[in-house]
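Peer 1: I am attaching a structure below and will ask some questions about it afterwards.
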Amino acid sequence: MRLPWAHLISQTLLLLRLLSLEVLHCADGVPPASETYALIVGDVGASPYDVAAGEYVCHPGRLVDHNTCLAVGVSSSVVATPHPINDTRALAPDKWRQVVSKDGTLKRLPTPWRNGDRLARSSVEVTASERNYVLAFEMFAVMRNWMFFNATHITDALWAHFHRPLLDCGLEDAPAADASRQYTLGRQLGRGQVLEMLRAPWWHGGDIASHLTHYADAVQADFLCVVAPELTHAPKNAAWPP
C-alpha cells in the first residue's frame with residue numbers, strides 16, 4: 001500500500017536535514033560570504049542545447065581558472081542569492097510556512113522558484129497541494145543551492161540524495177524520463193549528465209547556468225505534477241514559463 005504523499009514528503013525532508021556537515025558547515029548549501037559575488041557577467045563557451053537565458057551566469061573567472069560554475073547575476077538588477085532554507089524553516093511549524101520571493105511576494109503552486117526565494121510565516125494554515133508546494137520547495141531549494149553555489153562539493157551520494165524524492169515518486173525510471181523529454185520544460189538531460197556538467201562545465205558547454213536553471217525547473221515541474229494532481233488537468237505546461 002502506498003504511503004500518503006504528505007508522509008512521504010515529510011520522511012524525505014527528514015533525510016535531507018541530515019546532510020553531512022563534513023563537506024560544508026552549512027547544510028542548506030549556502031557558501032561562506034567570502035565565496036559569493038554581487039555581480040560579474042560572463043558569456044563563455046557554447047550551449048549543449050538551446051535554452052532561454054535565465055537570471056544567472058557562471059562567474060567567468062571561476063569558470064576559466066577552476067572549471068566550475070558559481071552563479072552570479074545576469075545583470076545589475078540581479079544579485080545572486082541562495083535560498084536561506086535552514087534559517088527560514090525555523091520561523092514557523094509545518095502548515096504555517098509559505099514560499100515568498102526575495103522581496104516578500106507570496107508564491108503559490110505552480111510558480112517556479114527563483115533567485116532568493118525563501119520561506120516565511122503564513123497567517124493562515126497551508127494545506128493540501130499548497131502545503132506540498134511548500135514542502136517541495138524545502139527539499140529542492142537545497143539542491144538548487146548546491147547546484148548554483150557549491151557545485152564542486154557535490155558527491156555522487158549527495159546528488160543521489162537530492163533525487164530521492166523523484167525516485168520515490170517513480171520519476172527516475174526510463175519511461176518517466178522519456179516522457180519528460182517530450183516537453184519543452186521537461187528534463188532534457190539525465191541526472192548523471194547534469195552532474196557531469198556541474199563537475200566540468202568548461203567541457204560541457206561553458207556557461208551552463210541557464211541549463212542548470214532549466215533542469216531545476218523541470219525537476220520541480222515533474223515532482224509537483226505528482227504531489228499536486230490537479231496540475232495534470234491543465235493544458236501541458238500552461239502554467240509554466242516557455
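By convention here, the chains of the C-alpha cells are called A, B, ... in the order presented, each chain's residues are numbered starting at 1, and ligands are numbered starting at 1 in the order presented.
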I'd like the contact shell of Val194 of chain A - 10 Å cut-off, only C-alpha atoms, skipping same-chain residues fewer than 6 positions apart - returned as JSON, numbers by chain.

Peer 2: {"A": [147, 187, 188, 200, 201, 204, 208, 211, 212, 215]}

Peer 1: Write the residues of the selection above to a file with all heavy atoms, as a PDB file, in the first residue's frame.

Peer 2:
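Result file follows (selection_39.pdb):
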```pdb
ATOM      1  N   MET A 147      23.660  23.267  -6.454  1.00  0.00           N
ATOM      2  CA  MET A 147      23.920  23.337  -7.886  1.00  0.00           C
ATOM      3  C   MET A 147      24.530  24.670  -8.289  1.00  0.00           C
ATOM      4  O   MET A 147      25.503  24.722  -9.049  1.00  0.00           O
ATOM      5  CB  MET A 147      22.620  23.129  -8.663  1.00  0.00           C
ATOM      6  CG  MET A 147      22.093  21.714  -8.680  1.00  0.00           C
ATOM      7  SD  MET A 147      20.457  21.604  -9.462  1.00  0.00           S
ATOM      8  CE  MET A 147      20.835  22.146 -11.149  1.00  0.00           C
ATOM      9  N   ARG A 187      12.854  17.439 -18.460  1.00  0.00           N
ATOM     10  CA  ARG A 187      14.274  17.195 -18.208  1.00  0.00           C
ATOM     11  C   ARG A 187      14.922  16.657 -19.486  1.00  0.00           C
ATOM     12  O   ARG A 187      14.796  15.499 -19.833  1.00  0.00           O
ATOM     13  CB  ARG A 187      14.429  16.183 -17.070  1.00  0.00           C
ATOM     14  CG  ARG A 187      14.142  16.746 -15.692  1.00  0.00           C
ATOM     15  CD  ARG A 187      14.144  15.654 -14.639  1.00  0.00           C
ATOM     16  NE  ARG A 187      12.951  14.824 -14.734  1.00  0.00           N
ATOM     17  CZ  ARG A 187      12.845  13.607 -14.184  1.00  0.00           C
ATOM     18  NH1 ARG A 187      13.868  13.074 -13.555  1.00  0.00           N
ATOM     19  NH2 ARG A 187      11.721  12.921 -14.292  1.00  0.00           N
ATOM     20  N   GLN A 188      15.646  17.533 -20.184  1.00  0.00           N
ATOM     21  CA  GLN A 188      16.271  17.155 -21.444  1.00  0.00           C
ATOM     22  C   GLN A 188      17.528  16.319 -21.231  1.00  0.00           C
ATOM     23  O   GLN A 188      17.957  15.599 -22.126  1.00  0.00           O
ATOM     24  CB  GLN A 188      16.609  18.414 -22.253  1.00  0.00           C
ATOM     25  CG  GLN A 188      15.413  19.289 -22.556  1.00  0.00           C
ATOM     26  CD  GLN A 188      14.342  18.559 -23.352  1.00  0.00           C
ATOM     27  OE1 GLN A 188      14.647  17.915 -24.350  1.00  0.00           O
ATOM     28  NE2 GLN A 188      13.101  18.656 -22.908  1.00  0.00           N
ATOM     29  N   ALA A 200      32.408  19.617 -14.623  1.00  0.00           N
ATOM     30  CA  ALA A 200      33.332  20.093 -15.652  1.00  0.00           C
ATOM     31  C   ALA A 200      32.573  20.935 -16.670  1.00  0.00           C
ATOM     32  O   ALA A 200      32.432  20.545 -17.833  1.00  0.00           O
ATOM     33  CB  ALA A 200      34.032  18.913 -16.329  1.00  0.00           C
ATOM     34  N   PRO A 201      32.079  22.102 -16.267  1.00  0.00           N
ATOM     35  CA  PRO A 201      31.264  22.912 -17.185  1.00  0.00           C
ATOM     36  C   PRO A 201      32.005  23.346 -18.438  1.00  0.00           C
ATOM     37  O   PRO A 201      31.404  23.480 -19.500  1.00  0.00           O
ATOM     38  CB  PRO A 201      30.849  24.112 -16.323  1.00  0.00           C
ATOM     39  CG  PRO A 201      31.847  24.164 -15.217  1.00  0.00           C
ATOM     40  CD  PRO A 201      32.212  22.742 -14.951  1.00  0.00           C
ATOM     41  N   HIS A 204      31.442  20.963 -21.060  1.00  0.00           N
ATOM     42  CA  HIS A 204      30.044  20.603 -21.304  1.00  0.00           C
ATOM     43  C   HIS A 204      29.215  21.843 -21.621  1.00  0.00           C
ATOM     44  O   HIS A 204      28.082  21.990 -21.185  1.00  0.00           O
ATOM     45  CB  HIS A 204      29.453  19.870 -20.105  1.00  0.00           C
ATOM     46  CG  HIS A 204      30.051  18.523 -19.876  1.00  0.00           C
ATOM     47  ND1 HIS A 204      31.180  18.343 -19.121  1.00  0.00           N
ATOM     48  CD2 HIS A 204      29.689  17.293 -20.332  1.00  0.00           C
ATOM     49  CE1 HIS A 204      31.489  17.049 -19.101  1.00  0.00           C
ATOM     50  NE2 HIS A 204      30.610  16.397 -19.823  1.00  0.00           N
ATOM     51  N   ILE A 208      27.041  27.154 -18.168  1.00  0.00           N
ATOM     52  CA  ILE A 208      25.912  26.224 -18.090  1.00  0.00           C
ATOM     53  C   ILE A 208      24.804  26.712 -17.168  1.00  0.00           C
ATOM     54  O   ILE A 208      23.840  25.979 -16.919  1.00  0.00           O
ATOM     55  CB  ILE A 208      26.386  24.843 -17.592  1.00  0.00           C
ATOM     56  CG1 ILE A 208      26.973  24.958 -16.169  1.00  0.00           C
ATOM     57  CG2 ILE A 208      27.396  24.236 -18.561  1.00  0.00           C
ATOM     58  CD1 ILE A 208      27.255  23.625 -15.508  1.00  0.00           C
ATOM     59  N   HIS A 211      21.246  26.263 -18.271  1.00  0.00           N
ATOM     60  CA  HIS A 211      20.874  24.857 -18.381  1.00  0.00           C
ATOM     61  C   HIS A 211      20.590  24.264 -17.003  1.00  0.00           C
ATOM     62  O   HIS A 211      19.712  23.414 -16.856  1.00  0.00           O
ATOM     63  CB  HIS A 211      21.963  24.083 -19.105  1.00  0.00           C
ATOM     64  CG  HIS A 211      22.395  24.765 -20.367  1.00  0.00           C
ATOM     65  ND1 HIS A 211      21.555  24.910 -21.446  1.00  0.00           N
ATOM     66  CD2 HIS A 211      23.542  25.401 -20.691  1.00  0.00           C
ATOM     67  CE1 HIS A 211      22.180  25.574 -22.398  1.00  0.00           C
ATOM     68  NE2 HIS A 211      23.377  25.886 -21.961  1.00  0.00           N
ATOM     69  N   LEU A 212      21.327  24.728 -16.008  1.00  0.00           N
ATOM     70  CA  LEU A 212      21.057  24.287 -14.642  1.00  0.00           C
ATOM     71  C   LEU A 212      19.694  24.787 -14.189  1.00  0.00           C
ATOM     72  O   LEU A 212      18.941  24.060 -13.522  1.00  0.00           O
ATOM     73  CB  LEU A 212      22.148  24.783 -13.697  1.00  0.00           C
ATOM     74  CG  LEU A 212      23.572  24.284 -13.970  1.00  0.00           C
ATOM     75  CD1 LEU A 212      24.527  24.829 -12.910  1.00  0.00           C
ATOM     76  CD2 LEU A 212      23.624  22.766 -14.031  1.00  0.00           C
ATOM     77  N   TYR A 215      17.049  22.639 -15.798  1.00  0.00           N
ATOM     78  CA  TYR A 215      16.943  21.331 -15.148  1.00  0.00           C
ATOM     79  C   TYR A 215      16.227  21.445 -13.806  1.00  0.00           C
ATOM     80  O   TYR A 215      15.350  20.630 -13.492  1.00  0.00           O
ATOM     81  CB  TYR A 215      18.328  20.725 -14.952  1.00  0.00           C
ATOM     82  CG  TYR A 215      18.290  19.343 -14.321  1.00  0.00           C
ATOM     83  CD1 TYR A 215      17.917  18.236 -15.080  1.00  0.00           C
ATOM     84  CD2 TYR A 215      18.614  19.167 -12.991  1.00  0.00           C
ATOM     85  CE1 TYR A 215      17.865  16.967 -14.505  1.00  0.00           C
ATOM     86  CE2 TYR A 215      18.566  17.902 -12.406  1.00  0.00           C
ATOM     87  CZ  TYR A 215      18.184  16.808 -13.171  1.00  0.00           C
ATOM     88  OH  TYR A 215      18.129  15.557 -12.591  1.00  0.00           O
TER      89      TYR A 215
END
```

Peer 1: Using only C-alpha atoms, which protein or nucleic acid residues come within 8 Å of segment 51-64 of chain A? Drop anything in the same chain fewer than 5 positions from it, and give the result as JSON, numbers by chain.

Peer 2: {"A": [40, 41, 42, 43, 44, 69, 70, 71, 72, 73, 74, 75, 78, 80, 115, 201, 202, 206, 207, 208, 209, 210, 211, 213, 214]}

Peer 1: So which residues of segment 50-161 of chain A fall under strand (DSSP E) by DSSP, listed as a list of chain:residue names?

Peer 2: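 Reading the DSSP output for segment 50-161 of chain A, strand (DSSP E) covers A:Tyr56, A:Val57, A:Cys58, A:Ala71, A:Val72, A:Gly73, A:Arg97, A:Gln98, A:Val99, A:Val100, A:Leu106, A:Lys107, A:Arg118, A:Leu119, A:Ala120, A:Arg121.
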
Peer 1: Save the residues we just selected, N, CA and C atoms, as a compact mmCIF listing (two decimals), in the first residue's frame?

Peer 2:
```txt
# COMPACT_ATOMS: atom_id res chain seq x y z
N TYR A 56 20.87 33.79 -14.01
CA TYR A 56 22.25 33.58 -13.60
C TYR A 56 23.15 33.37 -14.81
N VAL A 57 24.43 33.67 -14.62
CA VAL A 57 25.51 33.21 -15.50
C VAL A 57 26.59 32.64 -14.59
N CYS A 58 27.52 31.91 -15.18
CA CYS A 58 28.65 31.40 -14.40
C CYS A 58 29.69 32.50 -14.22
N ALA A 71 27.24 30.65 -9.65
CA ALA A 71 26.22 31.53 -10.21
C ALA A 71 26.39 32.97 -9.73
N VAL A 72 26.27 33.89 -10.68
CA VAL A 72 26.24 35.32 -10.38
C VAL A 72 25.12 35.93 -11.23
N GLY A 73 24.73 37.15 -10.90
CA GLY A 73 23.61 37.77 -11.59
C GLY A 73 23.87 38.02 -13.06
N ARG A 97 4.00 27.67 7.16
CA ARG A 97 5.06 28.29 6.37
C ARG A 97 4.56 28.45 4.94
N GLN A 98 5.07 29.47 4.26
CA GLN A 98 4.74 29.70 2.86
C GLN A 98 6.01 30.13 2.13
N VAL A 99 5.98 30.05 0.81
CA VAL A 99 7.12 30.46 -0.01
C VAL A 99 6.87 31.88 -0.49
N VAL A 100 7.88 32.72 -0.35
CA VAL A 100 7.79 34.10 -0.84
C VAL A 100 9.03 34.41 -1.66
N LEU A 106 4.14 36.67 -2.10
CA LEU A 106 3.71 35.29 -1.95
C LEU A 106 3.84 34.53 -3.27
N LYS A 107 4.36 33.29 -3.18
CA LYS A 107 4.46 32.41 -4.35
C LYS A 107 3.60 31.19 -4.07
N ARG A 118 12.35 32.35 -0.51
CA ARG A 118 12.56 31.90 0.86
C ARG A 118 11.24 31.52 1.50
N LEU A 119 11.34 30.97 2.71
CA LEU A 119 10.16 30.65 3.50
C LEU A 119 9.79 31.84 4.37
N ALA A 120 8.51 31.94 4.68
CA ALA A 120 8.02 32.99 5.59
C ALA A 120 6.85 32.44 6.37
N ARG A 121 6.52 33.08 7.46
CA ARG A 121 5.38 32.66 8.28
C ARG A 121 4.08 32.99 7.54
```

Peer 1: Given the choices A:Arg164, A:Gly190, A:Met143, A:Glu138, which gets closest to Ala90 of chain A if the distance is worked out from only C-alpha atoms?

Peer 2: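 Under the stated criterion, the closest residue is A:Glu138.
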
Peer 1: If I take atom CA of Ser101 of chain A and atom CA of Phe223 of chain A, how far is one from the other in Å, to one decimal?

Peer 2: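 Taking atom CA of Ser101 of chain A as the start and atom CA of Phe223 of chain A as the end point, the length is 20.3 Å.
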
Peer 1: One decimal, Å: what's the distance from atom CA of Glu230 of chain A over to atom CA of Ala128 of chain A, could you say?

Peer 2: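 Between atom CA of Glu230 of chain A and atom CA of Ala128 of chain A the gap works out to 10.9 Å.
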
Peer 1: Can you tell me how far atom CA of His163 of chain A sits from atom CA of Ser122 of chain A, in Å to one decimal?

Peer 2: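 Separation of atom CA of His163 of chain A and atom CA of Ser122 of chain A: 27.9 Å.
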
Peer 1: Which residues of segment 126-207 of chain A sit at most 8 Å from segment 82-87 of chain A, using only C-alpha atoms? Give each one's shortest atom pair and distance in Å (one decimal place), in chain and ascending residue order, as a Markdown table.

Peer 2:
```
| residue | atom | partner | partner_atom | distance |
| --- | --- | --- | --- | --- |
| A:Glu138 | CA | A:Ile85 | CA | 6.6 |
| A:Ala141 | CA | A:His83 | CA | 6.3 |
| A:Val142 | CA | A:Ile85 | CA | 7.1 |
| A:Asn145 | CA | A:Pro82 | CA | 5.6 |
| A:Phe149 | CA | A:Pro82 | CA | 7.4 |
```

Peer 1: Could you write out, as a PyMOL selection string, all the residues of segment 100-200 of chain A that DSSP marks as helix (DSSP H, G or I)?

Peer 2: chain A and resi 128-149+151-153+156-162+164-168+174-181+191-199

Peer 1: Compile the contact shell of segment 176-184 of chain A as a CSV table (one decimal) with all heavy atoms, in the first residue's frame: residues with an atom at most 9 Å away, counting only C-alpha atoms, same-chain residues fewer than 2 positions apart removed.

Peer 2:
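Final output, selection-v4.csv:
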```csv
chain,number,residue,atom,x,y,z
A,170,GLY,N,8.6,7.5,-8.6
A,170,GLY,CA,8.6,6.9,-9.9
A,170,GLY,C,9.0,7.7,-11.1
A,170,GLY,O,8.7,7.4,-12.2
A,171,LEU,N,9.7,8.8,-10.8
A,171,LEU,CA,10.0,9.8,-11.8
A,171,LEU,C,11.4,9.6,-12.4
A,171,LEU,O,11.9,10.3,-13.2
A,171,LEU,CB,9.9,11.2,-11.3
A,171,LEU,CG,8.4,11.6,-11.0
A,171,LEU,CD1,8.4,13.0,-10.3
A,171,LEU,CD2,7.6,11.7,-12.2
A,172,GLU,N,12.1,8.6,-11.8
A,172,GLU,CA,13.5,8.3,-12.3
A,172,GLU,C,13.6,7.1,-13.2
A,172,GLU,O,14.7,6.9,-13.7
A,172,GLU,CB,14.4,8.1,-11.0
A,172,GLU,CG,14.8,9.4,-10.3
A,172,GLU,CD,15.8,10.2,-11.1
A,172,GLU,OE1,17.0,9.9,-10.9
A,172,GLU,OE2,15.4,11.1,-11.8
A,173,ASP,N,12.6,6.4,-13.5
A,173,ASP,CA,12.7,5.3,-14.4
A,173,ASP,C,12.6,5.8,-15.8
A,173,ASP,O,12.3,6.9,-16.1
A,173,ASP,CB,11.6,4.2,-14.1
A,173,ASP,CG,10.2,4.8,-14.2
A,173,ASP,OD1,10.0,5.8,-15.0
A,173,ASP,OD2,9.3,4.3,-13.6
A,174,ALA,N,13.0,4.9,-16.7
A,174,ALA,CA,13.2,5.2,-18.1
A,174,ALA,C,11.9,5.8,-18.8
A,174,ALA,O,12.0,6.8,-19.5
A,174,ALA,CB,13.7,4.1,-18.9
A,186,GLY,N,10.5,19.9,-19.9
A,186,GLY,CA,11.0,18.6,-19.4
A,186,GLY,C,12.5,18.5,-19.2
A,186,GLY,O,13.2,19.3,-19.7
A,187,ARG,N,12.9,17.4,-18.5
A,187,ARG,CA,14.3,17.2,-18.2
A,187,ARG,C,14.9,16.7,-19.5
A,187,ARG,O,14.8,15.5,-19.8
A,187,ARG,CB,14.4,16.2,-17.1
A,187,ARG,CG,14.1,16.7,-15.7
A,187,ARG,CD,14.1,15.7,-14.6
A,187,ARG,NE,13.0,14.8,-14.7
A,187,ARG,CZ,12.8,13.6,-14.2
A,187,ARG,NH1,13.9,13.1,-13.6
A,187,ARG,NH2,11.7,12.9,-14.3
A,188,GLN,N,15.6,17.5,-20.2
A,188,GLN,CA,16.3,17.2,-21.4
A,188,GLN,C,17.5,16.3,-21.2
A,188,GLN,O,18.0,15.6,-22.1
A,188,GLN,CB,16.6,18.4,-22.3
A,188,GLN,CG,15.4,19.3,-22.6
A,188,GLN,CD,14.3,18.6,-23.4
A,188,GLN,OE1,14.6,17.9,-24.4
A,188,GLN,NE2,13.1,18.7,-22.9
A,189,LEU,N,18.1,16.4,-20.1
A,189,LEU,CA,19.3,15.6,-19.7
A,189,LEU,C,19.0,14.8,-18.5
A,189,LEU,O,18.2,15.2,-17.6
A,189,LEU,CB,20.5,16.6,-19.5
A,189,LEU,CG,21.0,17.4,-20.6
A,189,LEU,CD1,22.1,18.4,-20.2
A,189,LEU,CD2,21.4,16.6,-21.8
A,190,GLY,N,19.7,13.7,-18.4
A,190,GLY,CA,19.5,12.8,-17.2
A,190,GLY,C,20.3,13.4,-16.0
A,190,GLY,O,21.2,14.3,-16.2
A,218,ALA,N,12.6,21.8,-14.4
A,218,ALA,CA,12.0,20.6,-14.9
A,218,ALA,C,11.8,19.6,-13.7
A,218,ALA,O,10.7,18.9,-13.7
A,218,ALA,CB,12.9,20.0,-16.0
A,222,ASP,N,8.0,18.2,-12.8
A,222,ASP,CA,7.7,16.8,-12.7
A,222,ASP,C,7.2,16.4,-11.3
A,222,ASP,O,6.3,15.6,-11.2
A,222,ASP,CB,9.0,16.0,-13.1
A,222,ASP,CG,9.2,16.0,-14.6
A,222,ASP,OD1,8.3,16.4,-15.3
A,222,ASP,OD2,10.3,15.5,-15.0
A,236,LYS,N,-0.9,21.0,-20.9
A,236,LYS,CA,0.5,20.8,-20.6
A,236,LYS,C,1.4,22.0,-20.5
A,236,LYS,O,1.4,22.8,-21.5
A,236,LYS,CB,1.1,19.8,-21.6
A,236,LYS,CG,2.3,18.9,-21.1
A,236,LYS,CD,1.8,18.0,-20.0
A,236,LYS,CE,3.0,17.1,-19.6
A,236,LYS,NZ,2.6,16.2,-18.5
A,237,ASN,N,2.0,22.3,-19.4
A,237,ASN,CA,2.9,23.4,-19.2
A,237,ASN,C,2.3,24.7,-19.3
A,237,ASN,O,3.0,25.8,-19.4
A,237,ASN,CB,4.1,23.4,-20.3
A,237,ASN,CG,5.0,22.1,-20.1
A,237,ASN,OD1,5.1,21.6,-19.0
A,237,ASN,ND2,5.6,21.7,-21.2
A,242,PRO,N,7.6,29.4,-20.8
A,242,PRO,CA,8.0,28.6,-22.0
A,242,PRO,C,9.5,28.3,-22.0
A,242,PRO,O,10.3,29.0,-21.3
A,242,PRO,CB,7.7,29.5,-23.2
A,242,PRO,CG,7.7,30.9,-22.6
A,242,PRO,CD,7.2,30.7,-21.2
```

Peer 1: Looking at A:Val227, A:Gly116, A:Ala221, A:Gly192, which one is nearest to Ala157 of chain A, with distances taken over only C-alpha atoms?

Peer 2: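 Among A:Val227, A:Gly116, A:Ala221, A:Gly192, it is A:Gly192 that comes nearest to Ala157 of chain A.
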
Peer 1: Counting only C-alpha atoms, which residue out of A:Glu130, A:Glu125, A:Phe140, A:Arg89 sits closest to Leu109 of chain A?

Peer 2: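 Among the listed residues, A:Glu130 lies closest to Leu109 of chain A.
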